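Undergrad: The structure follows.
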Amino acid sequence: QVQLVESGGGSVQPGGSLRLSCAASARTFSNYAIAWFRQGPGKEREFVVGINWSGASTYYADSVKGRFTISRDNAKNTVYLQMNSLKPEDTAVYYCAASGLIGDYVLTYQSGYGFWGQGTQVIVSS
């Protein structure tokens, strides 16, 4: 079992930055791939970025490529999402999710992740 807690959300102006954190309870955190999904107002939940168990592989949605950076610190059981150059369309609830899949690739679909956090709100507005 893995419990995930997101933090770091808030309100920011367009062009600003935020760093989200996803803290996990699992003793074997390094065995889990982690992804961030988001759900904007009136939209379906979508994949944003993922990182494999070792941190060697990452995959970004085209909409955030070059602006967002995912990283993980397995010693701290935490995954980070650095979000720069934020746009109003980035407004959403951001969820982190964990998958027990061990490999050099990242799953981009929700059903691949068995554990989810409660989400943290990000609002980008002037």
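Chain labels A, B, ... are given in the sequence in which chains occur in the structure tokens; within each chain residues are numbered consecutively from 1, and ligands are likewise numbered from 1 in the order shown.
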Can you tell me which residues surround Ser57 of chain A at a distance of at most 9 Å, considering only C-alpha atoms, apart from same-chain residues fewer than 6 positions away, and format the answer as a ChimeraX atom specification?
TA: /A:50-51,103-106
Undergrad: Please, could you write that set of residues out with N, CA, C and O atoms as a compact mmCIF listing (two decimals), in the first residue's frame?
TA:
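Final output, saved to out_21.txt:
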```
# COMPACT_ATOMS: atom_id res chain seq x y z
N GLY A 50 5.45 11.78 -16.03
CA GLY A 50 5.72 10.63 -15.19
C GLY A 50 7.21 10.36 -15.10
O GLY A 50 8.00 10.81 -15.96
N ILE A 51 7.59 9.63 -14.06
CA ILE A 51 8.99 9.27 -13.85
C ILE A 51 9.03 7.82 -13.39
O ILE A 51 8.21 7.38 -12.59
N GLY A 103 10.18 -0.64 -14.54
CA GLY A 103 10.69 -0.73 -15.90
C GLY A 103 11.30 0.60 -16.30
O GLY A 103 11.32 1.54 -15.52
N ASP A 104 11.77 0.65 -17.50
CA ASP A 104 12.42 1.86 -18.01
C ASP A 104 11.47 2.69 -18.85
O ASP A 104 11.90 3.42 -19.74
N TYR A 105 10.18 2.59 -18.56
CA TYR A 105 9.22 3.35 -19.32
C TYR A 105 8.18 3.92 -18.36
O TYR A 105 8.12 3.53 -17.20
N VAL A 106 7.38 4.84 -18.88
CA VAL A 106 6.38 5.54 -18.08
C VAL A 106 5.00 5.30 -18.68
O VAL A 106 4.81 5.50 -19.88
```
Undergrad: For segment 86-93 of chain A, work out the shell of residues within 10 Å, counting only C-alpha atoms and skipping chain neighbours fewer than 5 positions away, then give it as a PyMOL selection string.
TA: chain A and resi 9-18+37-43+45+63-64+67-68+118-126
Undergrad: Filtering to N, CA and C atoms, could you give me those residues as an mmCIF file, in the first residue's frame?
TA:
```cif
data_model
loop_
_atom_site.group_PDB
_atom_site.id
_atom_site.type_symbol
_atom_site.label_atom_id
_atom_site.label_comp_id
_atom_site.auth_asym_id
_atom_site.auth_seq_id
_atom_site.Cartn_x
_atom_site.Cartn_y
_atom_site.Cartn_z
ATOM 1 N N GLY A 9 0.456 23.504 -4.047
ATOM 2 C CA GLY A 9 -0.437 24.221 -4.943
ATOM 3 C C GLY A 9 -0.725 25.626 -4.435
ATOM 4 N N GLY A 10 -1.370 26.408 -5.283
ATOM 5 C CA GLY A 10 -1.704 27.779 -4.905
ATOM 6 C C GLY A 10 -2.094 28.582 -6.116
ATOM 7 N N SER A 11 -2.137 29.880 -5.919
ATOM 8 C CA SER A 11 -2.482 30.803 -6.990
ATOM 9 C C SER A 11 -1.237 31.550 -7.448
ATOM 10 N N VAL A 12 -1.118 31.715 -8.739
ATOM 11 C CA VAL A 12 0.055 32.381 -9.300
ATOM 12 C C VAL A 12 -0.359 33.107 -10.570
ATOM 13 N N GLN A 13 0.355 34.154 -10.897
ATOM 14 C CA GLN A 13 0.074 34.892 -12.121
ATOM 15 C C GLN A 13 0.680 34.168 -13.324
ATOM 16 N N PRO A 14 0.144 34.409 -14.505
ATOM 17 C CA PRO A 14 0.737 33.819 -15.707
ATOM 18 C C PRO A 14 2.219 34.164 -15.809
ATOM 19 N N GLY A 15 3.000 33.171 -16.188
ATOM 20 C CA GLY A 15 4.445 33.334 -16.247
ATOM 21 C C GLY A 15 5.160 32.970 -14.973
ATOM 22 N N GLY A 16 4.404 32.753 -13.910
ATOM 23 C CA GLY A 16 4.996 32.425 -12.625
ATOM 24 C C GLY A 16 5.358 30.955 -12.497
ATOM 25 N N SER A 17 5.838 30.603 -11.307
ATOM 26 C CA SER A 17 6.300 29.236 -11.044
ATOM 27 C C SER A 17 5.707 28.700 -9.752
ATOM 28 N N LEU A 18 5.591 27.397 -9.694
ATOM 29 C CA LEU A 18 5.215 26.679 -8.485
ATOM 30 C C LEU A 18 5.969 25.364 -8.473
ATOM 31 N N PHE A 37 -1.071 13.747 -12.845
ATOM 32 C CA PHE A 37 -2.217 13.987 -13.705
ATOM 33 C C PHE A 37 -2.861 15.287 -13.250
ATOM 34 N N ARG A 38 -3.695 15.857 -14.096
ATOM 35 C CA ARG A 38 -4.427 17.054 -13.699
ATOM 36 C C ARG A 38 -5.822 17.037 -14.296
ATOM 37 N N GLN A 39 -6.710 17.742 -13.607
ATOM 38 C CA GLN A 39 -8.079 17.877 -14.084
ATOM 39 C C GLN A 39 -8.489 19.325 -13.980
ATOM 40 N N GLY A 40 -8.654 19.967 -15.130
ATOM 41 C CA GLY A 40 -9.071 21.355 -15.165
ATOM 42 C C GLY A 40 -10.573 21.467 -15.080
ATOM 43 N N PRO A 41 -11.075 22.673 -14.871
ATOM 44 C CA PRO A 41 -12.520 22.892 -14.766
ATOM 45 C C PRO A 41 -13.247 22.417 -16.018
ATOM 46 N N GLY A 42 -14.197 21.527 -15.841
ATOM 47 C CA GLY A 42 -14.982 21.038 -16.957
ATOM 48 C C GLY A 42 -14.237 20.118 -17.893
ATOM 49 N N LYS A 43 -13.065 19.659 -17.485
ATOM 50 C CA LYS A 43 -12.255 18.802 -18.349
ATOM 51 C C LYS A 43 -12.061 17.430 -17.732
ATOM 52 N N ARG A 45 -9.635 14.262 -16.574
ATOM 53 C CA ARG A 45 -8.291 14.150 -16.017
ATOM 54 C C ARG A 45 -7.326 13.724 -17.121
ATOM 55 N N SER A 63 1.966 19.445 -23.899
ATOM 56 C CA SER A 63 1.488 20.742 -23.406
ATOM 57 C C SER A 63 2.384 21.331 -22.316
ATOM 58 N N VAL A 64 3.207 20.507 -21.679
ATOM 59 C CA VAL A 64 4.047 21.003 -20.580
ATOM 60 C C VAL A 64 5.534 20.844 -20.857
ATOM 61 N N ARG A 67 8.513 23.303 -19.964
ATOM 62 C CA ARG A 67 8.103 24.204 -18.870
ATOM 63 C C ARG A 67 8.080 23.502 -17.517
ATOM 64 N N PHE A 68 7.733 22.234 -17.518
ATOM 65 C CA PHE A 68 7.634 21.463 -16.275
ATOM 66 C C PHE A 68 8.808 20.494 -16.189
ATOM 67 N N GLN A 118 -4.914 12.979 -2.971
ATOM 68 C CA GLN A 118 -6.178 13.726 -2.939
ATOM 69 C C GLN A 118 -6.163 14.932 -3.866
ATOM 70 N N GLY A 119 -5.000 15.336 -4.304
ATOM 71 C CA GLY A 119 -4.915 16.456 -5.228
ATOM 72 C C GLY A 119 -4.579 17.768 -4.559
ATOM 73 N N THR A 120 -3.988 18.662 -5.339
ATOM 74 C CA THR A 120 -3.692 20.016 -4.875
ATOM 75 C C THR A 120 -4.066 20.981 -5.991
ATOM 76 N N GLN A 121 -4.711 22.087 -5.611
ATOM 77 C CA GLN A 121 -5.250 23.026 -6.594
ATOM 78 C C GLN A 121 -4.167 23.999 -7.054
ATOM 79 N N VAL A 122 -4.103 24.182 -8.365
ATOM 80 C CA VAL A 122 -3.235 25.192 -8.970
ATOM 81 C C VAL A 122 -4.114 26.135 -9.779
ATOM 82 N N ILE A 123 -4.008 27.424 -9.483
ATOM 83 C CA ILE A 123 -4.772 28.435 -10.209
ATOM 84 C C ILE A 123 -3.794 29.426 -10.825
ATOM 85 N N VAL A 124 -3.895 29.590 -12.129
ATOM 86 C CA VAL A 124 -3.034 30.539 -12.835
ATOM 87 C C VAL A 124 -3.943 31.616 -13.414
ATOM 88 N N SER A 125 -3.828 32.789 -12.845
ATOM 89 C CA SER A 125 -4.731 33.859 -13.245
ATOM 90 C C SER A 125 -4.112 35.211 -12.915
ATOM 91 N N SER A 126 -4.431 36.179 -13.758
ATOM 92 C CA SER A 126 -3.963 37.535 -13.483
ATOM 93 C C SER A 126 -5.012 38.312 -12.686
#
```
Undergrad: Using only C-alpha atoms, which protein or nucleic acid residues come within 8 Å of Gly117 of chain A? Drop anything in the same chain fewer than 6 positions from it, and give the result as a short mmCIF file (atom, residue, chain, number, x, y, z; two decimals) with N, CA and C atoms, in the first residue's frame.
TA:
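In the end it all went to selection.cif:
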```
data_model
loop_
_atom_site.label_atom_id
_atom_site.label_comp_id
_atom_site.auth_asym_id
_atom_site.auth_seq_id
_atom_site.Cartn_x
_atom_site.Cartn_y
_atom_site.Cartn_z
N GLN A 3 0.45 5.49 0.38
CA GLN A 3 -0.35 6.71 0.60
C GLN A 3 0.42 7.89 0.05
N LEU A 4 -0.27 8.72 -0.72
CA LEU A 4 0.36 9.85 -1.38
C LEU A 4 -0.29 11.15 -0.90
N VAL A 5 0.54 12.14 -0.64
CA VAL A 5 0.04 13.44 -0.21
C VAL A 5 0.71 14.52 -1.05
N GLU A 6 -0.11 15.27 -1.78
CA GLU A 6 0.40 16.36 -2.60
C GLU A 6 0.42 17.66 -1.80
N TYR A 95 -2.92 15.79 -9.38
CA TYR A 95 -2.89 14.56 -8.60
C TYR A 95 -1.59 13.82 -8.87
N CYS A 96 -0.99 13.26 -7.84
CA CYS A 96 0.09 12.32 -8.09
C CYS A 96 -0.43 10.91 -7.92
N ALA A 97 0.18 10.00 -8.65
CA ALA A 97 -0.28 8.62 -8.68
C ALA A 97 0.93 7.70 -8.72
#
```
Undergrad: Pick out each residue of chain A that DSSP on the backbone tags as helix (DSSP H, G or I); I need them as JSON, numbers by chain.
TA: {"A": [29, 30, 31, 74, 75, 76, 88, 89, 90, 110, 111, 112]}
Undergrad: Output N, CA, C and O atoms for every residue in that selection, as a compact mmCIF listing (two decimals), in the first residue's frame.
TA:
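Wrote result_3.txt, looks like this:
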```txt
# COMPACT_ATOMS: atom_id res chain seq x y z
N PHE A 29 9.42 2.96 -1.55
CA PHE A 29 9.03 4.01 -2.50
C PHE A 29 9.79 3.89 -3.81
O PHE A 29 9.25 4.15 -4.87
N SER A 30 11.04 3.48 -3.73
CA SER A 30 11.85 3.41 -4.94
C SER A 30 11.36 2.33 -5.91
O SER A 30 11.83 2.26 -7.04
N ASN A 31 10.43 1.48 -5.47
CA ASN A 31 9.87 0.46 -6.36
C ASN A 31 8.70 0.96 -7.18
O ASN A 31 8.11 0.19 -7.95
N ASN A 74 14.41 9.54 -3.74
CA ASN A 74 13.95 8.30 -3.10
C ASN A 74 14.33 8.24 -1.63
O ASN A 74 13.67 7.56 -0.85
N ALA A 75 15.37 8.95 -1.24
CA ALA A 75 15.75 8.98 0.17
C ALA A 75 14.71 9.72 1.01
O ALA A 75 14.57 9.46 2.20
N LYS A 76 13.99 10.64 0.37
CA LYS A 76 12.96 11.41 1.07
C LYS A 76 11.55 10.95 0.70
O LYS A 76 10.58 11.57 1.12
N PRO A 88 -2.66 30.19 -17.96
CA PRO A 88 -4.01 29.99 -17.41
C PRO A 88 -4.55 28.59 -17.68
O PRO A 88 -5.29 28.04 -16.84
N GLU A 89 -4.19 28.01 -18.78
CA GLU A 89 -4.68 26.66 -19.10
C GLU A 89 -4.05 25.57 -18.25
O GLU A 89 -4.45 24.40 -18.32
N ASP A 90 -3.07 25.93 -17.44
CA ASP A 90 -2.51 24.98 -16.48
C ASP A 90 -3.35 24.90 -15.20
O ASP A 90 -3.08 24.06 -14.34
N GLN A 110 -4.40 6.38 -16.84
CA GLN A 110 -4.77 6.39 -15.42
C GLN A 110 -4.87 4.98 -14.84
O GLN A 110 -4.50 4.76 -13.68
N SER A 111 -5.37 4.05 -15.63
CA SER A 111 -5.58 2.70 -15.10
C SER A 111 -4.26 1.99 -14.77
O SER A 111 -4.27 0.94 -14.13
N GLY A 112 -3.16 2.54 -15.20
CA GLY A 112 -1.87 1.96 -14.87
C GLY A 112 -1.38 2.29 -13.47
O GLY A 112 -0.39 1.74 -13.00
```
Undergrad: From chain A, collect each residue whose DSSP state is strand (DSSP E) and return the set as a PyMOL selection string.
TA: chain A and resi 4-7+10-12+18-24+33-39+46-51+58-60+68-73+78-83+92-99+115-116+120-124
Undergrad: Tyr109 of chain A: which residues within 10 Å, counting only C-alpha atoms, same-chain residues fewer than 4 positions away excluded, as a list in words?
TA: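 The filter keeps Ala35, Phe37, Glu46, Phe47 and Tyr113 of chain A.
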Undergrad: Go ahead and write the selection's residues with N, CA and C atoms as a short mmCIF file (atom, residue, chain, number, x, y, z; two decimals), in the first residue's frame.
TA:
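part-v9.cif was written with the following content:
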```cif
data_model
loop_
_atom_site.label_atom_id
_atom_site.label_comp_id
_atom_site.auth_asym_id
_atom_site.auth_seq_id
_atom_site.Cartn_x
_atom_site.Cartn_y
_atom_site.Cartn_z
N ALA A 35 3.50 9.42 -11.35
CA ALA A 35 3.05 10.33 -12.41
C ALA A 35 2.20 11.44 -11.82
N PHE A 37 -1.07 13.75 -12.85
CA PHE A 37 -2.22 13.99 -13.71
C PHE A 37 -2.86 15.29 -13.25
N GLU A 46 -6.16 14.37 -17.14
CA GLU A 46 -5.19 14.08 -18.18
C GLU A 46 -3.80 13.86 -17.61
N PHE A 47 -3.01 13.10 -18.31
CA PHE A 47 -1.62 12.84 -17.94
C PHE A 47 -0.79 14.10 -18.15
N TYR A 113 -2.12 3.15 -12.79
CA TYR A 113 -1.71 3.63 -11.47
C TYR A 113 -2.76 3.21 -10.43
#
```
Undergrad: Find, counting only C-alpha atoms, the residue in A:Ser71, A:Ala61, A:Asn52, A:Arg19 that gets nearest to Ser85 of chain A.
TA: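 So, comparing all the options, the nearest one is A:Arg19.
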Undergrad: Tell me which of A:Gln1, A:Thr28, A:Thr78, A:Ser7 sits closest to Tyr94 of chain A, counting only C-alpha atoms.
TA: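 Ranking A:Gln1, A:Thr28, A:Thr78, A:Ser7 by distance to Tyr94 of chain A, first place goes to A:Ser7.
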Undergrad: Name the closest residue to Tyr32 of chain A among the candidates A:Gln82, A:Asp73, A:Gly8, A:Val2; distances are taken between atoms, counting only C-alpha atoms.
TA: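 Nearest to Tyr32 of chain A: A:Val2.
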Undergrad: Which one is closest to Ala26 of chain A: A:Ile70, A:Glu44, A:Gly100, A:Leu107? Count only C-alpha atoms.
TA: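 Closest candidate: A:Gly100.
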Undergrad: So, counting only C-alpha atoms, which residue among A:Thr69, A:Ala33, A:Ser21, A:Ala98 is closest to Gly55 of chain A?
TA: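 Selected residue with least distance to Gly55 of chain A: A:Ala33.
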Undergrad: For atom CA of Ser99 of chain A and atom CA of Asn84 of chain A, quote the distance in Å rounded to one decimal.
TA: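 Separation between atom CA of Ser99 of chain A and atom CA of Asn84 of chain A: 25.8 Å.
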